[in-house]
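Data file: input-v1.txt. Format and content: compact mmCIF, C-alpha atoms.
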```txt
# COMPACT_ATOMS: atom_id res chain seq x y z
CA MET A 141 171.17 -21.14 11.79
CA ARG A 142 169.46 -18.97 9.26
CA ILE A 143 165.71 -19.37 8.81
CA ILE A 144 163.40 -17.64 6.38
CA VAL A 145 159.90 -17.50 7.87
CA GLN A 146 157.05 -16.98 5.42
CA ARG A 147 153.50 -16.62 6.71
CA SER A 148 151.31 -18.66 4.40
CA LYS A 149 147.67 -19.45 3.74
CA GLU A 150 148.67 -22.81 2.25
CA ALA A 151 151.87 -24.48 1.12
CA SER A 152 153.26 -27.76 -0.15
CA VAL A 153 156.52 -29.42 -1.05
CA THR A 154 156.85 -31.86 -3.94
CA VAL A 155 159.61 -34.36 -4.74
CA GLU A 156 159.57 -36.19 -8.07
CA GLU A 157 156.01 -35.02 -8.75
CA LYS A 158 154.73 -36.40 -5.42
CA VAL A 159 153.47 -34.08 -2.67
CA ILE A 160 155.36 -35.11 0.47
CA GLY A 161 154.25 -32.28 2.76
CA LYS A 162 151.29 -29.93 2.79
CA ILE A 163 149.86 -27.38 5.24
CA GLU A 164 147.06 -24.87 5.45
CA GLN A 165 147.54 -21.66 7.47
CA GLY A 166 150.94 -21.37 9.08
CA PHE A 167 154.61 -20.91 8.29
CA VAL A 168 156.88 -22.10 5.55
CA LEU A 169 160.38 -22.30 7.01
CA LEU A 170 163.48 -22.44 4.83
CA VAL A 171 166.16 -23.71 7.22
CA GLY A 172 169.90 -23.32 6.74
CA VAL A 173 172.54 -24.77 9.04
CA THR A 174 176.16 -23.64 9.36
CA HIS A 175 179.17 -25.33 10.98
CA GLU A 176 178.89 -23.60 14.36
CA ASP A 177 175.21 -24.34 14.95
CA ARG A 178 174.31 -26.46 17.95
CA GLU A 179 171.11 -28.04 19.27
CA GLU A 180 170.75 -25.11 21.69
CA GLU A 181 170.37 -22.67 18.78
CA ALA A 182 167.84 -24.97 17.13
CA ALA A 183 165.78 -25.12 20.34
CA TYR A 184 165.96 -21.34 20.79
CA LEU A 185 164.80 -20.64 17.23
CA ALA A 186 162.00 -23.23 17.43
CA ASP A 187 160.66 -21.49 20.54
CA LYS A 188 161.02 -18.07 18.93
CA ILE A 189 159.16 -19.18 15.80
CA VAL A 190 156.13 -20.72 17.48
CA HIS A 191 155.70 -17.58 19.60
CA LEU A 192 156.30 -14.98 16.86
CA ARG A 193 153.29 -12.68 16.89
CA ILE A 194 152.84 -12.11 13.15
CA PHE A 195 149.25 -13.20 12.61
CA GLU A 196 146.58 -10.52 12.70
CA ASP A 197 144.20 -10.07 15.59
CA LYS A 198 140.61 -8.79 15.24
CA ASN A 199 141.97 -5.23 14.88
CA GLY A 200 144.29 -6.13 12.00
CA LYS A 201 147.45 -5.87 14.15
CA MET A 202 150.18 -8.51 14.07
CA ASN A 203 149.51 -9.75 17.57
CA ARG A 204 148.84 -13.49 17.37
CA SER A 205 151.29 -16.39 17.30
CA LEU A 206 151.27 -19.65 15.38
CA LEU A 207 150.04 -21.34 18.56
CA ASP A 208 147.25 -18.76 18.94
CA VAL A 209 145.89 -19.44 15.43
CA GLY A 210 146.44 -23.22 15.47
CA GLY A 211 148.75 -23.00 12.46
CA SER A 212 151.11 -25.60 11.03
CA ILE A 213 154.68 -25.53 9.75
CA LEU A 214 156.20 -26.71 6.48
CA SER A 215 159.93 -27.02 7.20
CA VAL A 216 162.33 -27.27 4.26
CA SER A 217 166.10 -27.65 4.54
CA GLN A 218 167.88 -25.00 2.48
CA PHE A 219 171.69 -25.05 2.44
CA THR A 220 171.69 -22.29 -0.20
CA LEU A 221 170.80 -19.78 2.52
CA TYR A 222 174.52 -19.82 3.26
CA GLY A 223 175.52 -19.06 -0.33
CA ASP A 224 178.04 -16.22 -0.44
CA CYS A 225 177.67 -14.15 -3.61
CA ARG A 226 180.02 -11.31 -2.72
CA LYS A 227 182.77 -12.43 -5.11
CA GLY A 228 182.34 -13.63 -8.65
CA ARG A 229 179.12 -14.86 -10.17
CA ARG A 230 178.89 -18.32 -8.66
CA PRO A 231 177.84 -18.69 -4.99
CA ASN A 232 180.30 -20.13 -2.52
CA PHE A 233 178.66 -22.54 -0.06
CA MET A 234 181.60 -23.01 2.32
CA ALA A 235 179.60 -21.57 5.24
CA ALA A 236 176.92 -24.26 4.92
CA ALA A 237 177.36 -27.24 7.24
CA LYS A 238 178.23 -30.63 5.77
CA PRO A 239 175.08 -32.67 5.08
CA GLU A 240 175.71 -35.25 7.83
CA TYR A 241 176.00 -32.53 10.46
CA ALA A 242 173.23 -30.31 9.09
CA LEU A 243 170.76 -33.20 9.03
CA GLY A 244 171.14 -33.79 12.78
CA ILE A 245 170.59 -30.13 13.65
CA TYR A 246 167.67 -29.87 11.20
CA GLN A 247 165.99 -32.96 12.69
CA HIS A 248 166.47 -31.64 16.22
CA PHE A 249 164.95 -28.30 15.17
CA ASN A 250 161.87 -30.04 13.75
CA GLU A 251 161.49 -32.18 16.87
CA GLN A 252 161.61 -29.05 19.03
CA LEU A 253 158.79 -27.53 16.96
CA LYS A 254 156.70 -30.69 17.39
CA GLN A 255 157.32 -30.75 21.15
CA LYS A 256 155.76 -27.29 21.34
CA GLY A 257 152.50 -28.70 20.01
CA VAL A 258 152.80 -27.62 16.37
CA HIS A 259 151.94 -29.86 13.44
CA VAL A 260 155.09 -30.04 11.28
CA GLU A 261 155.42 -31.28 7.70
CA ILE A 262 158.92 -31.55 6.26
CA GLY A 263 160.64 -31.66 2.92
CA GLU A 264 163.12 -34.38 1.98
CA PHE A 265 166.59 -33.47 3.20
CA GLY A 266 169.05 -33.24 0.31
CA ALA A 267 166.44 -33.79 -2.41
CA MET A 268 165.52 -31.52 -5.29
CA MET A 269 162.23 -30.07 -4.09
CA ASN A 270 159.54 -27.81 -5.47
CA VAL A 271 158.00 -25.60 -2.81
CA SER A 272 154.69 -23.93 -3.48
CA LEU A 273 153.16 -21.37 -1.16
CA ASN A 274 150.51 -18.73 -0.96
CA ASN A 275 152.45 -16.11 1.02
CA ASP A 276 149.98 -14.34 3.30
CA GLY A 277 150.56 -10.58 3.38
CA PRO A 278 153.18 -11.14 2.10
CA VAL A 279 154.99 -11.54 5.41
CA THR A 280 158.58 -12.80 5.27
CA LEU A 281 161.15 -12.59 8.08
CA ILE A 282 164.75 -13.71 8.48
CA LEU A 283 165.86 -15.22 11.80
CA GLU A 284 169.43 -16.05 12.69
CA SER A 285 171.04 -17.65 15.71
```

Would it be possible to restate this file's structure as C-alpha cells?
Amino acid sequence: MRIIVQRSKEASVTVEEKVIGKIEQGFVLLVGVTHEDREEEAAYLADKIVHLRIFEDKNGKMNRSLLDVGGSILSVSQFTLYGDCRKGRRPNFMAAAKPEYALGIYQHFNEQLKQKGVHVEIGEFGAMMNVSLNNDGPVTLILES
C-alpha cells in the first residue's frame, strides 16, 4: 500500500457536485493498493497513521497524534499513486491492484481506522472526485507497506 498523509485543518470530497465526505482537523489520506497488499498491511498502516505524532504540542513540536487531538480522517482511494512515469509520457498503472481486489483492501483499511476510535469519512471508490483541503503546515508524508 502507498498512502499520502496530509495534515489538514479542513477537507472535503465532492462527487457530481455533492459533498459526500467532510472533516475538520485531521488527515486526508490518499490510498493506493497494489497486487501484493494484504489485510495485514492495511491493519499495520491504519495503526501507524492514528499514532503518527505530527500535530503540534504546546511547545510547537510535532508530538501529538490524531488520537491525541481528536482529529478525523478523510480517506480517498487513489490508484494513480501506482502510476509509473519512468518511460514515455503516459503513466503505466500496471502496479495498481484491480478494482475488485483494491476495494476489499481499501474497505478493510477504513474499518481498521474506525476500530481505533477515529471518525472516518470516505470518498466514492472508482468515482471521479474533487478533493479540497486546507493543508496544515503544510505537512505531507508518504507511507508504504

Padding 3 Å on each side, edges along x, y and z: where is the centre of the box around the listed atoms of range 163-178 of chain A, and how long are its edges in Å to one decimal? Output it as JSON.
```
{"center_x": 163.1, "center_y": -24.1, "center_z": 11.4, "size_x": 38.1, "size_y": 12.5, "size_z": 19.1}
```

_Can you tell me which residues surround range 166-183 of chain A at a distance of at most 9 Å, considering all atoms listed in the file, apart from same-chain residues fewer than 3 positions away, and format the answer as a count of residues only?_
52

*Enter the distance from CA of Asn232 in chain A to CA of Met268 in chain A, in Å, rounded to one decimal.*
18.9 Å

*Counting all atoms listed in the file, the residue of A:Val271, A:Leu192, A:Pro239, A:Gly257 that sits nearest Leu283 in chain A*: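 Ranked by minimum distance to Leu283 in chain A, first place goes to A:Leu192.
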
*Go ahead and compute the interatomic distance for CA of Glu261 in chain A and CA of Leu185 in chain A, in Å to one decimal.*
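Computing the Euclidean distance for CA of Glu261 in chain A and CA of Leu185 in chain A yields 17.1 Å.
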
*asked:* What's around Met269 in chain A at 7 Å? Count only C-alpha atoms, leave out sequence neighbours fewer than 4 positions away in its own chain, and write the answer as a PyMOL selection string.
replied: chain A and resi 153-155

*asked:* Just checking: using all atoms listed in the file, which residue out of A:Phe265, A:His259, A:Ile160, A:Met202 ends up closest to Val190 in chain A?
replied: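 Ranking A:Phe265, A:His259, A:Ile160, A:Met202 by distance to Val190 in chain A, first place goes to A:His259.
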
*Between A:Gln165, A:Gln247, A:Gln255, A:Asn274, which has the minimum distance to Phe195 in chain A (counting all atoms listed in the file)?*
A:Gln165

*asked:* One decimal, in Å: what's the spacing between CA of Lys256 in chain A and CA of Lys201 in chain A?
replied: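 CA of Lys201 in chain A lies 24.1 Å from CA of Lys256 in chain A.
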
*With distances taken over all atoms listed in the file, which of A:Ser205, A:Glu240, A:Glu284, A:Pro278 is nearest to Gly266 in chain A?*
A:Glu240

Mind filling out range 216-248 of chain A with N, CA and C atoms and sending it as a PDB file, in the coordinates of the input?
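Dumped to selection33.pdb:
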```pdb
ATOM      1  N   VAL A 216     161.562 -26.821   5.415  1.00  0.00           N
ATOM      2  CA  VAL A 216     162.330 -27.270   4.260  1.00  0.00           C
ATOM      3  C   VAL A 216     163.801 -26.922   4.472  1.00  0.00           C
ATOM      4  N   SER A 217     164.673 -27.919   4.412  1.00  0.00           N
ATOM      5  CA  SER A 217     166.100 -27.650   4.540  1.00  0.00           C
ATOM      6  C   SER A 217     166.577 -26.863   3.320  1.00  0.00           C
ATOM      7  N   GLN A 218     167.501 -25.914   3.555  1.00  0.00           N
ATOM      8  CA  GLN A 218     167.880 -25.000   2.480  1.00  0.00           C
ATOM      9  C   GLN A 218     169.329 -24.550   2.669  1.00  0.00           C
ATOM     10  N   PHE A 219     170.284 -25.396   2.256  1.00  0.00           N
ATOM     11  CA  PHE A 219     171.690 -25.050   2.440  1.00  0.00           C
ATOM     12  C   PHE A 219     172.081 -23.794   1.663  1.00  0.00           C
ATOM     13  N   THR A 220     171.344 -23.461   0.611  1.00  0.00           N
ATOM     14  CA  THR A 220     171.690 -22.290  -0.200  1.00  0.00           C
ATOM     15  C   THR A 220     171.517 -20.975   0.541  1.00  0.00           C
ATOM     16  N   LEU A 221     170.890 -20.993   1.722  1.00  0.00           N
ATOM     17  CA  LEU A 221     170.800 -19.780   2.520  1.00  0.00           C
ATOM     18  C   LEU A 221     172.180 -19.297   2.955  1.00  0.00           C
ATOM     19  N   TYR A 222     173.151 -20.188   2.917  1.00  0.00           N
ATOM     20  CA  TYR A 222     174.520 -19.820   3.260  1.00  0.00           C
ATOM     21  C   TYR A 222     175.391 -19.633   2.020  1.00  0.00           C
ATOM     22  N   GLY A 223     174.774 -19.370   0.887  1.00  0.00           N
ATOM     23  CA  GLY A 223     175.520 -19.060  -0.330  1.00  0.00           C
ATOM     24  C   GLY A 223     176.082 -17.652  -0.253  1.00  0.00           C
ATOM     25  N   ASP A 224     177.368 -17.521  -0.469  1.00  0.00           N
ATOM     26  CA  ASP A 224     178.040 -16.220  -0.440  1.00  0.00           C
ATOM     27  C   ASP A 224     178.253 -15.767  -1.881  1.00  0.00           C
ATOM     28  N   CYS A 225     177.613 -14.668  -2.238  1.00  0.00           N
ATOM     29  CA  CYS A 225     177.670 -14.150  -3.610  1.00  0.00           C
ATOM     30  C   CYS A 225     178.478 -12.863  -3.716  1.00  0.00           C
ATOM     31  N   ARG A 226     179.285 -12.572  -2.708  1.00  0.00           N
ATOM     32  CA  ARG A 226     180.020 -11.310  -2.720  1.00  0.00           C
ATOM     33  C   ARG A 226     181.111 -11.260  -3.778  1.00  0.00           C
ATOM     34  N   LYS A 227     181.700 -12.397  -4.111  1.00  0.00           N
ATOM     35  CA  LYS A 227     182.770 -12.430  -5.110  1.00  0.00           C
ATOM     36  C   LYS A 227     182.341 -13.301  -6.280  1.00  0.00           C
ATOM     37  N   GLY A 228     182.636 -12.846  -7.453  1.00  0.00           N
ATOM     38  CA  GLY A 228     182.340 -13.630  -8.650  1.00  0.00           C
ATOM     39  C   GLY A 228     180.851 -13.734  -8.914  1.00  0.00           C
ATOM     40  N   ARG A 229     180.512 -14.678  -9.752  1.00  0.00           N
ATOM     41  CA  ARG A 229     179.120 -14.860 -10.170  1.00  0.00           C
ATOM     42  C   ARG A 229     178.544 -16.209  -9.753  1.00  0.00           C
ATOM     43  N   ARG A 230     179.351 -17.011  -9.128  1.00  0.00           N
ATOM     44  CA  ARG A 230     178.890 -18.320  -8.660  1.00  0.00           C
ATOM     45  C   ARG A 230     178.951 -18.331  -7.139  1.00  0.00           C
ATOM     46  N   PRO A 231     177.843 -18.695  -6.460  1.00  0.00           N
ATOM     47  CA  PRO A 231     177.840 -18.690  -4.990  1.00  0.00           C
ATOM     48  C   PRO A 231     178.852 -19.674  -4.409  1.00  0.00           C
ATOM     49  N   ASN A 232     179.415 -19.279  -3.287  1.00  0.00           N
ATOM     50  CA  ASN A 232     180.300 -20.130  -2.520  1.00  0.00           C
ATOM     51  C   ASN A 232     179.497 -20.642  -1.329  1.00  0.00           C
ATOM     52  N   PHE A 233     179.471 -21.947  -1.122  1.00  0.00           N
ATOM     53  CA  PHE A 233     178.660 -22.540  -0.060  1.00  0.00           C
ATOM     54  C   PHE A 233     179.506 -23.068   1.103  1.00  0.00           C
ATOM     55  N   MET A 234     180.697 -22.532   1.267  1.00  0.00           N
ATOM     56  CA  MET A 234     181.600 -23.010   2.320  1.00  0.00           C
ATOM     57  C   MET A 234     181.028 -22.803   3.728  1.00  0.00           C
ATOM     58  N   ALA A 235     180.161 -21.835   3.905  1.00  0.00           N
ATOM     59  CA  ALA A 235     179.600 -21.570   5.240  1.00  0.00           C
ATOM     60  C   ALA A 235     178.494 -22.563   5.607  1.00  0.00           C
ATOM     61  N   ALA A 236     177.964 -23.269   4.635  1.00  0.00           N
ATOM     62  CA  ALA A 236     176.920 -24.260   4.920  1.00  0.00           C
ATOM     63  C   ALA A 236     177.546 -25.490   5.568  1.00  0.00           C
ATOM     64  N   ALA A 237     176.864 -26.041   6.555  1.00  0.00           N
ATOM     65  CA  ALA A 237     177.360 -27.240   7.240  1.00  0.00           C
ATOM     66  C   ALA A 237     177.338 -28.434   6.295  1.00  0.00           C
ATOM     67  N   LYS A 238     178.221 -29.375   6.537  1.00  0.00           N
ATOM     68  CA  LYS A 238     178.230 -30.630   5.770  1.00  0.00           C
ATOM     69  C   LYS A 238     176.894 -31.331   5.994  1.00  0.00           C
ATOM     70  N   PRO A 239     176.406 -32.044   4.988  1.00  0.00           N
ATOM     71  CA  PRO A 239     175.080 -32.670   5.080  1.00  0.00           C
ATOM     72  C   PRO A 239     174.870 -33.544   6.314  1.00  0.00           C
ATOM     73  N   GLU A 240     175.869 -34.338   6.681  1.00  0.00           N
ATOM     74  CA  GLU A 240     175.710 -35.250   7.830  1.00  0.00           C
ATOM     75  C   GLU A 240     175.445 -34.454   9.111  1.00  0.00           C
ATOM     76  N   TYR A 241     176.155 -33.362   9.267  1.00  0.00           N
ATOM     77  CA  TYR A 241     176.000 -32.530  10.460  1.00  0.00           C
ATOM     78  C   TYR A 241     174.691 -31.741  10.402  1.00  0.00           C
ATOM     79  N   ALA A 242     174.439 -31.131   9.250  1.00  0.00           N
ATOM     80  CA  ALA A 242     173.230 -30.310   9.090  1.00  0.00           C
ATOM     81  C   ALA A 242     171.972 -31.125   9.331  1.00  0.00           C
ATOM     82  N   LEU A 243     171.953 -32.358   8.871  1.00  0.00           N
ATOM     83  CA  LEU A 243     170.760 -33.200   9.030  1.00  0.00           C
ATOM     84  C   LEU A 243     170.411 -33.377  10.508  1.00  0.00           C
ATOM     85  N   GLY A 244     171.399 -33.618  11.349  1.00  0.00           N
ATOM     86  CA  GLY A 244     171.140 -33.790  12.780  1.00  0.00           C
ATOM     87  C   GLY A 244     170.545 -32.548  13.423  1.00  0.00           C
ATOM     88  N   ILE A 245     171.091 -31.395  13.093  1.00  0.00           N
ATOM     89  CA  ILE A 245     170.590 -30.130  13.650  1.00  0.00           C
ATOM     90  C   ILE A 245     169.184 -29.854  13.123  1.00  0.00           C
ATOM     91  N   TYR A 246     168.983 -30.083  11.830  1.00  0.00           N
ATOM     92  CA  TYR A 246     167.670 -29.870  11.200  1.00  0.00           C
ATOM     93  C   TYR A 246     166.613 -30.782  11.840  1.00  0.00           C
ATOM     94  N   GLN A 247     166.933 -32.034  12.055  1.00  0.00           N
ATOM     95  CA  GLN A 247     165.990 -32.960  12.690  1.00  0.00           C
ATOM     96  C   GLN A 247     165.674 -32.534  14.118  1.00  0.00           C
ATOM     97  N   HIS A 248     166.694 -32.104  14.844  1.00  0.00           N
ATOM     98  CA  HIS A 248     166.470 -31.640  16.220  1.00  0.00           C
ATOM     99  C   HIS A 248     165.558 -30.415  16.228  1.00  0.00           C
TER     100      HIS A 248
END
```
